[in-house]
Structures are given as structure tokens and as C-alpha cells.
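Below is one structure, written out as C-alpha cells, with a few remarks after it.
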Number of protein chains: 2
Amino acid sequence: MQPRMFTREHMADAPRHMKWWGWGYEDAEFRASRHPGFWPYAKSVLDIENDEFSSREWSLQSINLPEARADERFLTTLRACLAPHQITNDPKERVIHSYGKGFRDLFRLRHGMAAGAPDLIVYPQSERDVCLTIRAAAERDVVLIPFGGGSNIAGCLERMDPSRMCVSLDMRRMRRVLSVDERSFTAQIEAGVFGPDLEEQLSAYGMTLGHFPDSFLHSTLGGWIATRSAGMQSDKYGKIEDMVIAVRMATPEGVLQTRVVPKSSNGIDVNHLCIGSEGTLGVITEATMRVHAVPESRQVRGYLFPEFEAGIEAIYECANQECMPAMVRLNDPEKTALSLAFRPPASGFTKVAGSLFKSYLRAKGLVQPRACLMLIAFEGNSRGVSRHLRQAEAIYRKFGAAGLGASTGKSFEATKYDFPHIRDFLLDRDVTADVSETATVWSNIPTLYRDTIAVLREEIGNSGVRPFAGCHISHTYPSGASLYFTFGFRQQPGHEIEQYLQVKRAVQQSFIDHGATLSHHHAVGTEHLPWLAADISPLGVQAVSAIKRSLDPADIMNPGRLSPSSNPMEDWLALSSPPARREKSRECR
Amino acid sequence: MQPRMFTREHMADAPRHMKWWGWGYEDAEFRASRHPGFWPYAKSVLDIENDEFSSREWSLQSINLPEARADERFLTTLRACLAPHQITNDPKERVIHSYGKGFRDLFRLRHGMAAGAPDLIVYPQSERDVCLTIRAAAERDVVLIPFGGGSNIAGCLERMDPSRMCVSLDMRRMRRVLSVDERSFTAQIEAGVFGPDLEEQLSAYGMTLGHFPDSFLHSTLGGWIATRSAGMQSDKYGKIEDMVIAVRMATPEGVLQTRVVPKSSNGIDVNHLCIGSEGTLGVITEATMRVHAVPESRQVRGYLFPEFEAGIEAIYECANQECMPAMVRLNDPEKTALSLAFRPPASGFTKVAGSLFKSYLRAKGLVQPRACLMLIAFEGNSRGVSRHLRQAEAIYRKFGAAGLGASTGKSFEATKYDFPHIRDFLLDRDVTADVSETATVWSNIPTLYRDTIAVLREEIGNSGVRPFAGCHISHTYPSGASLYFTFGFRQQPGHEIEQYLQVKRAVQQSFIDHGATLSHHHAVGTEHLPWLAADISPLGVQAVSAIKRSLDPADIMNPGRLSPSSNPMEDWLALSSPPARREKSRECR
């Protein structure tokens, strides 16, 4: 059977950009009226008395956008190669491409700081466009930063060096599924495709990639590969690195490409030089990915465990009994309370959970209940799903869990991509909220969890405010799991960044001190760079830098990432310089 | 739960070496009396009339061992650091460490050619010993070639450069399981441990690595990792690269190490710079591996399919129905005939298969039957094994298979590590036999199989002799499988190497021309180096070379591998220079 060629042409309607001041499209936001319990909960937990916040008008006028550098010879070459609509220095576009969506990113833009803004945005429509842009940039020492959906929260996207012209290479117009080999379950896909668009194209073949990160609506295949992303259903489908069969990556030295073969023994696996390269070596232009038949059945369920440890034991036993769900998300008591506060009014979730939670909900506030909410999903053929679900539920019951039924699952499905909006809502109310996630082996989970929560509470408390520190477990493996910490606190006016950095540093240091990794699926970026050498050893950093020097000798590809300086912590602390210390800037038109 | 420390001390009894003239220990060989059908079958297939072969006495006297280079300052440093029994230049040891076990390797030694011999063998007992040896070698420009079991058949082990002193770093004394984390199913293991020793140590914890390559008895963990090995049960446990959690690799620049975490997003995955590095960057000293509870149940079965294509369809459907066995080995008609000829006399296999095969066996000889033998194994808990076996058997029946019962499986289990001995038996009889294996996607398997068999037959036929060219499929994945070709033919006296190279080149070129990979699990070595750039693209080679230059700037680690010259095919053809063209040599003591 020959691979089918995908011919649909849809270059024109490239996905919209997210709002520059927060998560999601401009017409999407967290609506307190749909989550009436959330703000009262947050006020109580974070000790907020004030309810008066000036409603903010997000205007580009407020942004100090640095003057755009322009290398005329570079621009002339570019204009000769690309169409006018592929090149822009529109101020709004520059602001949108300044940063990802980490706390520091949003805080800076919301306070008029746009030092990370590129001078130009280029929209390639083919690998040829990418190669031409790279060649032109290399000739004129212009920096290129590949940009997918702009959803990164590890600081992968901002310009680091104001002294060189900087171009954001926005990949969203390279969005076609080029071919699908239905016999082999592989699909050759352009790297700029967004999650929903990709799934829609694959569904024409009855296929799915099975990769659904929280950022699914606003992130791209190339971004997933460059950052070693994980989707919610990673327990069944793997992390993105487990799905890559072959890649094409355009670099300043040419195009690196690998073969469409399931496995090989061809020396060092060159796919893995591209995966996780975070834009430092080149631009991933396309990848051949393992795909799957759309599952016949999908069952999502919620359970309440008497305590976090019981939930962990249940997950662990499922892993050992070979009845792991496609998705497992176990909240600790704090994240459980947050999830319950987030629920829509009068939803099925509330109805079912209501009676079970009654006593807990009464106690909510200063004294957290110990009960923990777990969400799971099984996917596959109907018989297999039913059998595994029965098997898993028997294990859950053994550990004291109460089932919350399918409506909890439905409620989760309906809102699963909405969580990131909360942060904007909180930022509007002078609350800092962010996440740090890691992975470790099973034997280390209890200690890492306990100590990191303690560190978070202490460090937040040190700034004189009440802490929120919660955690959920997801992305489980036979040898361990990912721990995803969420933290929040009232801002110290005038010291917001310093306050955040204190906390972020403490949590990352806790990961490293406990033998865990700097990130399980959010990338290194600038936010985790100070811990890279501890994670992969100084010699690992040296080897990665050597690949960089070979494929990008002029250091034009996303400079500064994956190559920490001699004092990365100092760089890290200095990154978000206050407006007074910023380089020459001008008012935005 | 804390990891248990393994304290047993067993440094003294390091595994024996294989015989230098063939596979296995000196007291193990292919015994024709135990396989009475084999030689008549081979004679018939390969058109051999003569039955008179001079029995060969393998004497070291016959070997022209090059004079051992000795850098006195290097030796002085080494003697100061290591114990006398860790260093040797004994001629037999030098011969044993000359080569791996590929056709060219064995043919050369059997004809007195030992240009690949190292000058010295060092047996490190700790990572410290490895580091000291590397440092001493770097200071004196001495070449180091890591040596595990010496079972490699891709030419990874011979010295390439006679102008520098060369040391074989034999890792077999670093063989301890250092710790087992029973909660997380991980084990920290020294790299020099052999398969049986490793499994014995792990079994004390009720664990198994699940890695059983054909070379299991004579290969090491470090060798598996350095070459991206695959075991027979890879369908369940994965290839070795899927089992590595963390590594330690000693290089001329220091020790590279990664963390014991299940997954990460810490940039380029540094584990994958060590995996597949084939000794070119440093010495893998230990690895933390994913391990598994020893399965409760194991069922091995044989089936006879009416033709190869039907067997392929059955495997494919099992992959899609999620009832893949831990092992699948489907022989084409030629390999089926070979397997049947290999069977011991009056074994259970023969008894059961006898009636089914009656008509086929009668027709055996010039006209091969189309029937194909498939061997499978399921492992796991008893209920799961039974369920999956039932499910798979229903699929096999659908494709016309007849079950051969458990006795076929038992027969396979009893002889599964014996196949490599056949080659020695054939070499004794002036028959060349070797293998080439690859992997491709499902849609490409029929064409690749058909064309490669045709190429093999044609190329062998071109040398004026009758070809044996067979194939089996093993190591299956959702997207494809490995195809393992076996070929054999009568030697052209005086042109044995050229004849082999013609055939080997044709089969490798066929893989590359058909989009497959140069090897699925045997490594690049020297034997596949001419096809590396086509496989991973020239830029992939460039990146790999950059890592090499960074970690081994003086190029002392296994030079010449993974870094093809400008004319790798010429180098490849020139490798096995006849005695007359060899560098200065002397009679062996």
C-alpha cells in the first residue's frame, strides 16, 4: 500500500495569535461568572481582603517597544525571496512575538517592558523559505528565533541580545499533513501545524497523533518536538520524543534529515539531536510521526481518594498490573480544592460530587481536607477499555477511592484547556501564579513531594504573604512519574519579579537537590538554564554546545539557550531588568 | 522504600573469552551429530559435492601478529595505577582482542591475518581505572578501543591505525549490579557484565532486564548500549535504548552522567549521545536500566503459515489488535528450511512437526516449499498470557496457520543461542555465511524483502556459485519491523574476501536504495560505514563528528568509527588487505 498524499491547500487561514497580555485568543478569558466559587476560594486561600482592582485596558500604547533594528542588506535579500505578506515589523506583531506565556513574560508586557521583542517577523510557507531566511540571516549576523504557538512558559522565545537584529520565524503557515502511510501508521507533517488543525487533518484518515498537552489549542508540532513536550495521554501514546519517526531540520549548515524507519542502529541517534534542541540548532520544518487509529472508545472518570499517598499507591499498582489508563491526573489536597473551586455552577460534577464532598467542602478554607481528586481516561477498543477500567477500579477501591462517575469526566473534558486562563485572572488581581514540574522515580516521589511543598510554603511565606502550593501527579511511567507543582501568592508591590524569582529558584533547586530533573516537559529555556549543568552534567552541556557550534557556527539560532554562561544564575536573575535599566526604547505607535 | 545495595563481590571469576577462530567458548561448537540433517541440507542447497575437508588445527603459531608497540611512558603510568593482572600483552590475548565475529574478522584470523590486534589489553575494575587509563592514553596519544564480549559483527573492534599504540579496554571485570531500586524497577549496573551473569544477579531481586540478543551469552551491557542492541523479546521490553534511564560515560574530557529520572525535558537528551556511540566518545562505565519483575508465565509456540505474506499479515494484525507477543520470529521459506534442517534428531519438534511437514520435507532440496515457520513467545502474568495467546492464535488461524504446539517452542528455547556456531562449521567447509539486517515501515516490507532477496541471489550467482538467501522478520513495531537476511555460498578460492564484499555491498545498498536503515541492531562499525551519510544525512554525520571532537579532542577513542572519510567505500574495500600488503609483522610466540 502506498502512502496517500494530502492535497488540501489551506495556507490562507493560518491560526490567529494569542493575546499579548495573556493566554488564549483576545475573545477568550476566564469568566468569573462561570466559575463562581473560584475567586472566593482564592481570596480565602491567599488571604486577600481587597476586592477592588482597577480594570485594565490592554493598550499597545503602554508598551515601550525598542526601536526596530534593520539590516538593509538582509531585508533586501529577504524581500527578493519572500512575498510581502510573509514579512512584517508591525508593532503589535512584534509585541506578540516578544515572549512566551511564563509569569515573567506576561508581567513584563503588562508593565510595558518589551525588551524581548524581535525586530521583524517572517512567516515561511515552505522549507525553502526557511532555508533562504537562514542563509540570509547567517550572511548578515541576524538572529533567528523559531516561533510556534508562542505558548512556551520556560522563556524559550525572548531575544537575549539587543545588539544584533533579531527575527522571529513564525512557523504557523507550514501546517499541512503532507502524507499519511495508513498501513504503517505514520504521517509526514509540516512543523508549524497547531494541535486542533493537525487532529482535524489526521481525522480525515481516521487517525490521531494522540498528543494533547494543556497548550494543545495554541502550540505546534515543531514546538512540541523542540521542547520535548508531553500530552495528557502520554501514558498511552508516550511523550513527543516517543512519537518521532524522522525529522527534517533546516540549519545554517544545511538540512539535517533522518529516515522513515521504526528503529535503527546507525550510531548516535540523530533524531535525538533535533528533539529538544529548543531552536538552537535550526528550524524543524517537518517530522514523520507515529499516528494511531482514532480510538473506538474513550472513558473519562473521576475518583476521590482518602489521601494523596493512597492515590499514588493506586496509580503505582495499575502500572504494575498493566492496566495503566491513557491519562492519570492525581491532585494533592490543595490542587483538589482548587479544582473544586474551578468547577462550573450546577454542573453534573457538582451534583455527583456534592454529597460525597459535603463534609469536605464545609471544612474548606484554612483547613484543607486530605481527600484527593483523580481524573483518568482509558482509550482503545470498547472491550479493552471496559476490561481495563474494571481492573483499575478494583485497584482504586482497594485504596479507598470513591467513584465520581462519568459526569466528573465530562466536566474535565469540557474545561481541560481552560486552566491557563486562571493566571491572567489572578494577574489582574495582583496575584502571582505559576508552575514548575519535574519527574522522578517512584521511590523518590514521597520525599520530593513533601520537601518541595515545604520549600514552596516557606519561600512564599518569607515574602510575608500566605502561600498556595499544590501538586498533581501525571505522566506516569513504569519507573516513576511527573510531579507538577502550582504555586500562587499576593504580590509585593514593586518587588513582583524578585518575589517570583525567590520562589521559582527555591522550587527548581529542590528538584535538583532531590535528584529530580529540571523539567519533565516544559523545556530549559532561560527559566531553567541555571540548573542545566547539574541535570545533564557539565560534560553534557559541553557536548550539546559542540553540536551547536557545528550546525550553527555563527550562533544565529536562538542564542543563549542550552549553553549556560559561567554564571547562569546571575544572568537568570538579571533577565527581567526593570524599565529604568532597559536599553534605548521608544513609544509604540 | 530505599534502593537495596548489592554487596556480593565476584571480581575474580570474570567470564572466559570466546575462541579466537569462531563463536563461543573453546569447548563449544556446532556438532553435526546433534543436527544430522544440517550438512546434507547445506550441501544440497549450496551445490557442494565434495565432503572432504582437512580438519583444521587452530594454532596461534599460524598467526602473523604485528609487533606490539609500546609507549614506555604510558606503560609506566599504567603500571603505577593498575595491578599487574590488569595489564597484558600476551599474544593469545592480543589475538582474541583483534576483531569481533564478522565474516571478515574470522576469515582473517583463520588465515593468519591479525593486523587489527591491539598492542595491550587492560582490564579495568572500576570507573577510576577507566579514567586513569583514558588520561594516560590521552597524554601519550594512545588509542583505546572498549571491548565487551567481542561478539560484534559490524567491525567495531579492530584497530584502524597501525601507527599509534592501541589498547583494548576489556570491561568484563566491571560486572556488578550496584543497586536495585525495587520500588521503581531500576537497576544501576556496571557496563562490563555479561548477559547470563546480569540475569543471575537480577534474579536475586526477582527481576530481569528482558534483553536477550542472539549474542546474550557473549555480550555485555556496555556493548549493547554502545551499539543500540535489540533482544529477542524487544517487542515487549524494547530495544536497549528504550531501557536506559541514566548512564555514566568516562571520556577524555571527564565523566558524562545523567540523572535517574523516567523522562525529562532538559534540552537535547544526553543519554542519546552515549547510546550508539560505539566507543568513539568514551567508555560507558555504568548504566541505570529499567528492569521488570520476572514474568510469572512464559509460553513459546511454533506455527506454520502457508506463505510468508500470510505470516506478515498475521503479525501486523496482532500489532493492531494489541496482542503482540514478546517475541515474534517469522522465517521465510528458505529460513524455514534452514531451521528444519537445524533441528536435533528425534526431538519433540520433529515428532510434532513431522506429520505436518511430511509433504514439505519430501520436496525439500532444490524446490523449496512456500510454508513459513513462525516462533512466538508471550510473557507476563498467567491470565494475560493465556488471553493474548488465545487472541493471537485466532488471528494466526485466520491467516491459515497450523499450530506446532509447545514442543516446537521448547526446541527453540533449547537451541536459541546456538545458531552463530553454524558459521564456524561452514567456514571449516569453505562456505561463507553472514547476515545483514535492517528495519523499515510496514508498507515497504514486501518490496524491500523481494528486491533484497533478488539482489542477494543475483550477486552471489555472479560469482559462479549457488546462492542461499533467506530472511526472517523479528523486532516488530507499530510502524514496521526488522528484516534479517542470512546468506551463504561456496567460496571462490583466493577471492573469498572480494566475493563477500560484493555480496555485502549489494545487500547494504539495497537497504539504502529502498529507504531502509543500514542496520537495525548490529551497529555501524566499519562494515556499514560507507552507508552512514546516506542514512543519517551528511549533516547528521557532521553533528556526530562535532560531539566526538568535543569529548575526545585527541581522537584516542576507537578512531575512524562513525566518522566516514571522503571516500568511505574505498576504505571499506581496502580494510582486509591480504597478508602481502600488511604492515610489518612477526611470527607469534
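Labeling convention for the C-alpha cells: chains A, B, ... as they appear, residues from 1 per chain, ligands from 1 in order of appearance.
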
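The residue set within 7 Å of Phe147 of chain A, counting only C-alpha atoms and dropping same-chain residues fewer than 2 places from it, reads Ile145, Gly149, Gly150, Ser168, Leu169, Asp170 and Met171 of chain A.
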
Practice task
DSSP on the backbone, then: every residue of segment 50-218 of chain B marked strand (DSSP E or B), written as a PyMOL selection string.
Solution key: chain B and resi 64-65+87-88+113+120-122+143-147+166-170+177-181+186-190+194+207-208

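The shell of residues at most 7 Å from Arg176 of chain A, with only C-alpha atoms counted and near chain neighbours (fewer than 4 positions) removed, consists of A:Ile189, A:Glu190, A:Val193.
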
Problem - All helix (DSSP H, G or I) positions in segment 303-471 of chain B, as an MDAnalysis selection string - result: chainID B and resid 308:320 333:342 348:363 382:398 405:415 421:428 442:462

Exercise for the section: Show which residues sit within 10 Å of Leu389 of chain B, as a list of chain:residue names. Count only C-alpha atoms, and ignore same-chain residues fewer than 5 positions away. Expected result: B:Gln299, B:Val300, B:Arg301, B:Cys323, B:Met324, B:Pro325, B:Ile376, B:Ala377, B:Phe378, B:Glu379, B:Arg383, B:Gly384, B:Ala394, B:Ile395

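Nearest-residue note for chain A: choosing from B:Asn331, B:Ser519, B:Thr408, B:Ser386, the minimum distance belongs to B:Ser519, counting only C-alpha atoms.
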
Problem - Long-range neighbours of segment 93-97 of chain B as a PyMOL selection string, 9 Å cut-off, only C-alpha atoms, 6 positions minimum in chain - result: chain B and resi 17-21+60+63+65+109+114+116-121+147+150+157-158+168+170
